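Okay, structure first, notes after.
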Amino acid sequence: MKPARLALRRLAGPLVRPAQCNSIRSFTTVRSRASPASAALVQPQHHDQPPFPIPGPIPVAHEPRTPIPENALRDAVSATSPRNNWTRDEIAAIYEHPLMDLVHQASLVHRRFHNPAEVQLCTLMNIKTGGCTEDCSYCAQSTRYQKGTGLQAKKVETVETVLAAAREAKANGSTRFCMGAAWRDMRGRKNSLRNIVKMVEGVRELGMEACVTLGMIDGEQAKELKSAGLTAYNHNVDTSREFYPSVISTRTYDERLQTLGHVRNAGINVCSGGILGLGETATDRVGLLHTVSTLPKHPESFPVNALVPIKGTPLGDRPPIDFTSMLRTIATARIIMPATIVRIAAGRKTMSEEKQALCFMAGANAIFTGEKMLTTECNGWDEDKVMFDRWGLEPMKSFEKSPPPPTS
């Protein structure tokens, strides 16, 4: 009987959970992380490693699960104004809700805060291609991956070239023109900043919203862009704080949040979202949503990108993110940030019209359209016009959201 008692005693002992899984895991603070010895037991499994040095994720200790608030979704759907004191467990409860009902509940919130027939058309232009010193594992514009990607760095586009592209975008129905430059930051780029100010001023003179993404900026640079009339500044946080070190090591999570603070303090609208399909778990997607929904003020827009794997980058062989994860993220974002514009960004090219329609039902109300998304393919204006006509959608006007339809 002794062997039997020993076996029962082992079965009664605590089970060791893996460090990562496809379901929601509990969150811990830095202080509650495992010791080096115990952390070794929960290191994530690594698949085929790319020939590039990528920092690993921060080991996370696992503690007993906090009970999930039963009424999180009900309270969120009945809210009449945004709130920014969400807990991760509340967001997890919403994210993990049965998908069909989650989309339905998100659509109810969407109709209360927005006109569901309106979708903003945005066009993104790469005004400075390649030559970036960062090591973002998904990006072809990093100099570290240039040999593998074959992407050649180019100089900054002229003001005239950029404004010509903006005029074409406006003629095709776009109301926001976004300009992206592959830089780590704007230090020592006074001449470039002066030209970008002229670009912003020119775009605004066309009656369009102007957005830029230039890497990290300081408070004075933000003020200069505000004086030029900049509508929004894009600076994505990419993923959760915990998973972030697996993706990039040359810029910290807090540096990204600091840039968002400079933008917000200057009175510029914050545009900040993430990328799905980097190898993150559902818990990390909840962490991403928690970061942006607990900022001092919700971002004016939340871009949801699906990773477009680019050969030659460390993530060039990643499998595509499953659509249900994209849909859950959009629906959850709409519920917890009801007044924010949710943008379908990179990766839309791989979606059927039916999948895009589900995203619109779940609360997405902006898309990128035109010739390119920086270095990847983008749905064209003509293609999107046909889709809008088929599904009864209409372009949102610049600086103007129509009020939601009256409720009976």
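Letters A, B, ... mark the chains of the structure tokens in the order given; residue numbers begin at 1 per chain; ligand numbers begin at 1, in order shown.
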Proximity of stretch 294-408 of chain A to stretch 222-245 of chain A: per-residue shortest pair, 12 Å limit, only C-alpha atoms, as a tab-separated table:
residue	atom	partner	partner_atom	distance
A:Leu295	CA	A:Val237	CA	11.7
A:Pro299	CA	A:Ala232	CA	9.7
A:Glu300	CA	A:Ala232	CA	8.0
A:Ser301	CA	A:Ala232	CA	8.7
A:Phe302	CA	A:Asn236	CA	8.7
A:Pro303	CA	A:Asn236	CA	8.1
A:Val304	CA	A:Asp238	CA	9.3
A:Asn305	CA	A:Asp238	CA	8.9
A:Ala306	CA	A:Asp238	CA	10.8
A:Leu307	CA	A:Asp238	CA	10.6
A:Thr329	CA	A:Thr239	CA	11.8
A:Arg343	CA	A:Asn234	CA	12.0
A:Ala345	CA	A:Asn236	CA	11.8
A:Ser398	CA	A:Thr231	CA	10.4
A:Phe399	CA	A:Thr231	CA	8.9
For stretch 192-203 of chain A, list every protein, DNA or RNA residue within 6 Å, evaluated using only C-alpha atoms, and leave out those in the same chain fewer than 4 positions away; present the list as a PyMOL selection string. chain A and resi 159+208+210+228
If you keep all heavy atoms, can you produce a file of those selected residues as a PDB file, in the first residue's frame?
ATOM      1  N   VAL A 159       8.803  67.742 -50.481  1.00  0.00           N
ATOM      2  CA  VAL A 159       7.488  68.246 -50.085  1.00  0.00           C
ATOM      3  C   VAL A 159       6.515  68.149 -51.256  1.00  0.00           C
ATOM      4  O   VAL A 159       5.350  67.739 -51.093  1.00  0.00           O
ATOM      5  CB  VAL A 159       7.596  69.698 -49.585  1.00  0.00           C
ATOM      6  CG1 VAL A 159       6.211  70.274 -49.288  1.00  0.00           C
ATOM      7  CG2 VAL A 159       8.481  69.780 -48.347  1.00  0.00           C
ATOM      8  N   MET A 208      -7.614  67.910 -45.540  1.00  0.00           N
ATOM      9  CA  MET A 208      -7.474  66.538 -45.056  1.00  0.00           C
ATOM     10  C   MET A 208      -6.894  66.534 -43.646  1.00  0.00           C
ATOM     11  O   MET A 208      -6.239  67.495 -43.224  1.00  0.00           O
ATOM     12  CB  MET A 208      -6.537  65.732 -45.969  1.00  0.00           C
ATOM     13  CG  MET A 208      -6.963  65.655 -47.415  1.00  0.00           C
ATOM     14  SD  MET A 208      -5.795  64.699 -48.415  1.00  0.00           S
ATOM     15  CE  MET A 208      -6.210  63.024 -47.919  1.00  0.00           C
ATOM     16  N   ALA A 210      -4.102  65.247 -41.100  1.00  0.00           N
ATOM     17  CA  ALA A 210      -2.688  64.923 -41.300  1.00  0.00           C
ATOM     18  C   ALA A 210      -2.170  64.130 -40.106  1.00  0.00           C
ATOM     19  O   ALA A 210      -2.381  64.506 -38.958  1.00  0.00           O
ATOM     20  CB  ALA A 210      -1.866  66.199 -41.473  1.00  0.00           C
ATOM     21  N   ALA A 228       1.990  73.296 -36.618  1.00  0.00           N
ATOM     22  CA  ALA A 228       1.815  73.123 -38.065  1.00  0.00           C
ATOM     23  C   ALA A 228       0.416  72.635 -38.414  1.00  0.00           C
ATOM     24  O   ALA A 228       0.035  72.630 -39.590  1.00  0.00           O
ATOM     25  CB  ALA A 228       2.851  72.139 -38.601  1.00  0.00           C
TER      26      ALA A 228
END
From the set A:Gly274, A:Met337, A:Asn172, A:Arg348, which residue has the shortest atom-to-atom contact distance to A:Thr80, counting only C-alpha atoms? A:Met337
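For A:Gly215, the non-local neighbours within 8 Å, defined as residues at least 3 positions apart in the same chain or in other chains and counting only C-alpha atoms, are Ala181, Ala182, Trp183, Arg184, Asp185, Met186 and His235 of chain A.
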Please produce an output containing C-alpha atoms for each residue in the selection, written as a PDB file, in the first residue's frame.
ATOM      1  CA  ALA A 181       9.513  57.859 -41.849  1.00  0.00           C
ATOM      2  CA  ALA A 182      11.839  54.993 -40.889  1.00  0.00           C
ATOM      3  CA  TRP A 183      13.689  56.713 -38.064  1.00  0.00           C
ATOM      4  CA  ARG A 184      14.404  55.782 -34.466  1.00  0.00           C
ATOM      5  CA  ASP A 185      13.833  59.379 -33.363  1.00  0.00           C
ATOM      6  CA  MET A 186      14.014  62.984 -34.552  1.00  0.00           C
ATOM      7  CA  HIS A 235       3.305  55.552 -32.240  1.00  0.00           C
TER       8      HIS A 235
END
Which residues are near stretch 362-375 of chain A? Cut-off 9 Å, only C-alpha atoms, ignore same chain within fewer than 6 positions. Put them as a PyMOL selection string. chain A and resi 102-111+114-127+129+139-141+151+169+172+174+180+301+303+327-328+330-335+338+341-346+348+356+381-382+384+395-396
Tell me which protein, DNA and RNA residues are within 12 Å of A:Ser352, counting only C-alpha atoms, leaving out same-chain ones fewer than 4 positions away, and put them as a ChimeraX atom specification. /A:323,347-348,356-359,379,383-384,387
Given the selection you just returned, output its residues as a file containing all heavy atoms, formatted as a PDB file, in the first residue's frame.
ATOM      1  N   PHE A 323      -8.014  34.558 -37.828  1.00  0.00           N
ATOM      2  CA  PHE A 323      -8.925  35.688 -37.948  1.00  0.00           C
ATOM      3  C   PHE A 323      -9.724  35.915 -36.672  1.00  0.00           C
ATOM      4  O   PHE A 323     -10.046  37.067 -36.332  1.00  0.00           O
ATOM      5  CB  PHE A 323      -9.879  35.484 -39.134  1.00  0.00           C
ATOM      6  CG  PHE A 323     -10.937  36.540 -39.225  1.00  0.00           C
ATOM      7  CD1 PHE A 323     -10.602  37.842 -39.583  1.00  0.00           C
ATOM      8  CD2 PHE A 323     -12.257  36.248 -38.937  1.00  0.00           C
ATOM      9  CE1 PHE A 323     -11.576  38.835 -39.650  1.00  0.00           C
ATOM     10  CE2 PHE A 323     -13.237  37.228 -39.009  1.00  0.00           C
ATOM     11  CZ  PHE A 323     -12.894  38.523 -39.369  1.00  0.00           C
ATOM     12  N   GLY A 347      -2.333  43.917 -43.145  1.00  0.00           N
ATOM     13  CA  GLY A 347      -2.885  42.568 -43.184  1.00  0.00           C
ATOM     14  C   GLY A 347      -4.293  42.482 -43.744  1.00  0.00           C
ATOM     15  O   GLY A 347      -4.807  41.379 -43.952  1.00  0.00           O
ATOM     16  N   ARG A 348      -4.935  43.612 -44.017  1.00  0.00           N
ATOM     17  CA  ARG A 348      -6.306  43.574 -44.536  1.00  0.00           C
ATOM     18  C   ARG A 348      -6.354  42.952 -45.920  1.00  0.00           C
ATOM     19  O   ARG A 348      -7.382  42.388 -46.330  1.00  0.00           O
ATOM     20  CB  ARG A 348      -6.896  44.989 -44.555  1.00  0.00           C
ATOM     21  CG  ARG A 348      -8.372  45.049 -44.944  1.00  0.00           C
ATOM     22  CD  ARG A 348      -8.970  46.417 -44.687  1.00  0.00           C
ATOM     23  NE  ARG A 348      -8.445  47.438 -45.564  1.00  0.00           N
ATOM     24  CZ  ARG A 348      -8.997  47.785 -46.731  1.00  0.00           C
ATOM     25  NH1 ARG A 348     -10.091  47.179 -47.163  1.00  0.00           N
ATOM     26  NH2 ARG A 348      -8.461  48.741 -47.463  1.00  0.00           N
ATOM     27  N   GLN A 356     -13.929  41.279 -43.531  1.00  0.00           N
ATOM     28  CA  GLN A 356     -13.892  42.711 -43.269  1.00  0.00           C
ATOM     29  C   GLN A 356     -15.241  43.204 -42.758  1.00  0.00           C
ATOM     30  O   GLN A 356     -15.304  44.037 -41.849  1.00  0.00           O
ATOM     31  CB  GLN A 356     -13.489  43.463 -44.540  1.00  0.00           C
ATOM     32  CG  GLN A 356     -12.057  43.196 -44.989  1.00  0.00           C
ATOM     33  CD  GLN A 356     -11.709  43.953 -46.256  1.00  0.00           C
ATOM     34  OE1 GLN A 356     -11.690  45.180 -46.275  1.00  0.00           O
ATOM     35  NE2 GLN A 356     -11.439  43.216 -47.323  1.00  0.00           N
ATOM     36  N   ALA A 357     -16.325  42.681 -43.332  1.00  0.00           N
ATOM     37  CA  ALA A 357     -17.660  43.086 -42.892  1.00  0.00           C
ATOM     38  C   ALA A 357     -17.881  42.709 -41.431  1.00  0.00           C
ATOM     39  O   ALA A 357     -18.483  43.477 -40.658  1.00  0.00           O
ATOM     40  CB  ALA A 357     -18.723  42.435 -43.773  1.00  0.00           C
ATOM     41  N   LEU A 358     -17.392  41.541 -41.016  1.00  0.00           N
ATOM     42  CA  LEU A 358     -17.496  41.154 -39.610  1.00  0.00           C
ATOM     43  C   LEU A 358     -16.733  42.132 -38.720  1.00  0.00           C
ATOM     44  O   LEU A 358     -17.192  42.484 -37.627  1.00  0.00           O
ATOM     45  CB  LEU A 358     -16.951  39.738 -39.417  1.00  0.00           C
ATOM     46  CG  LEU A 358     -17.950  38.586 -39.557  1.00  0.00           C
ATOM     47  CD1 LEU A 358     -17.219  37.256 -39.475  1.00  0.00           C
ATOM     48  CD2 LEU A 358     -19.031  38.663 -38.481  1.00  0.00           C
ATOM     49  N   CYS A 359     -15.575  42.575 -39.196  1.00  0.00           N
ATOM     50  CA  CYS A 359     -14.800  43.563 -38.424  1.00  0.00           C
ATOM     51  C   CYS A 359     -15.561  44.873 -38.293  1.00  0.00           C
ATOM     52  O   CYS A 359     -15.564  45.497 -37.229  1.00  0.00           O
ATOM     53  CB  CYS A 359     -13.445  43.808 -39.094  1.00  0.00           C
ATOM     54  SG  CYS A 359     -12.291  42.413 -39.014  1.00  0.00           S
ATOM     55  N   ASN A 379      -4.934  47.265 -49.979  1.00  0.00           N
ATOM     56  CA  ASN A 379      -6.127  47.266 -50.825  1.00  0.00           C
ATOM     57  C   ASN A 379      -6.232  48.607 -51.528  1.00  0.00           C
ATOM     58  O   ASN A 379      -6.008  49.662 -50.931  1.00  0.00           O
ATOM     59  CB  ASN A 379      -7.378  47.026 -49.982  1.00  0.00           C
ATOM     60  CG  ASN A 379      -7.281  45.745 -49.171  1.00  0.00           C
ATOM     61  OD1 ASN A 379      -6.442  45.623 -48.285  1.00  0.00           O
ATOM     62  ND2 ASN A 379      -8.149  44.806 -49.468  1.00  0.00           N
ATOM     63  N   GLU A 383     -10.954  49.007 -55.403  1.00  0.00           N
ATOM     64  CA  GLU A 383     -11.417  47.792 -54.730  1.00  0.00           C
ATOM     65  C   GLU A 383     -12.277  48.127 -53.523  1.00  0.00           C
ATOM     66  O   GLU A 383     -13.332  47.516 -53.289  1.00  0.00           O
ATOM     67  CB  GLU A 383     -10.184  46.983 -54.307  1.00  0.00           C
ATOM     68  CG  GLU A 383     -10.454  45.731 -53.534  1.00  0.00           C
ATOM     69  CD  GLU A 383      -9.168  45.063 -53.072  1.00  0.00           C
ATOM     70  OE1 GLU A 383      -8.071  45.453 -53.526  1.00  0.00           O
ATOM     71  OE2 GLU A 383      -9.270  44.148 -52.223  1.00  0.00           O
ATOM     72  N   ASP A 384     -11.846  49.119 -52.758  1.00  0.00           N
ATOM     73  CA  ASP A 384     -12.606  49.487 -51.558  1.00  0.00           C
ATOM     74  C   ASP A 384     -13.911  50.200 -51.907  1.00  0.00           C
ATOM     75  O   ASP A 384     -14.910  50.057 -51.191  1.00  0.00           O
ATOM     76  CB  ASP A 384     -11.743  50.362 -50.647  1.00  0.00           C
ATOM     77  CG  ASP A 384     -10.690  49.548 -49.909  1.00  0.00           C
ATOM     78  OD1 ASP A 384     -10.936  48.352 -49.639  1.00  0.00           O
ATOM     79  OD2 ASP A 384      -9.611  50.088 -49.611  1.00  0.00           O
ATOM     80  N   MET A 387     -16.383  47.543 -52.535  1.00  0.00           N
ATOM     81  CA  MET A 387     -16.797  46.934 -51.273  1.00  0.00           C
ATOM     82  C   MET A 387     -17.773  47.841 -50.527  1.00  0.00           C
ATOM     83  O   MET A 387     -18.793  47.375 -49.989  1.00  0.00           O
ATOM     84  CB  MET A 387     -15.582  46.636 -50.388  1.00  0.00           C
ATOM     85  CG  MET A 387     -15.950  46.019 -49.041  1.00  0.00           C
ATOM     86  SD  MET A 387     -14.525  45.635 -47.992  1.00  0.00           S
ATOM     87  CE  MET A 387     -13.927  47.288 -47.583  1.00  0.00           C
TER      88      MET A 387
END
Which parts of stretch 97-282 of chain A does DSSP call strand (DSSP E or B) when run on the backbone here, written out as a ChimeraX atom specification? /A:118-128,132,142,176-181,185,209-213,216,232-234,238,269-271,274-276
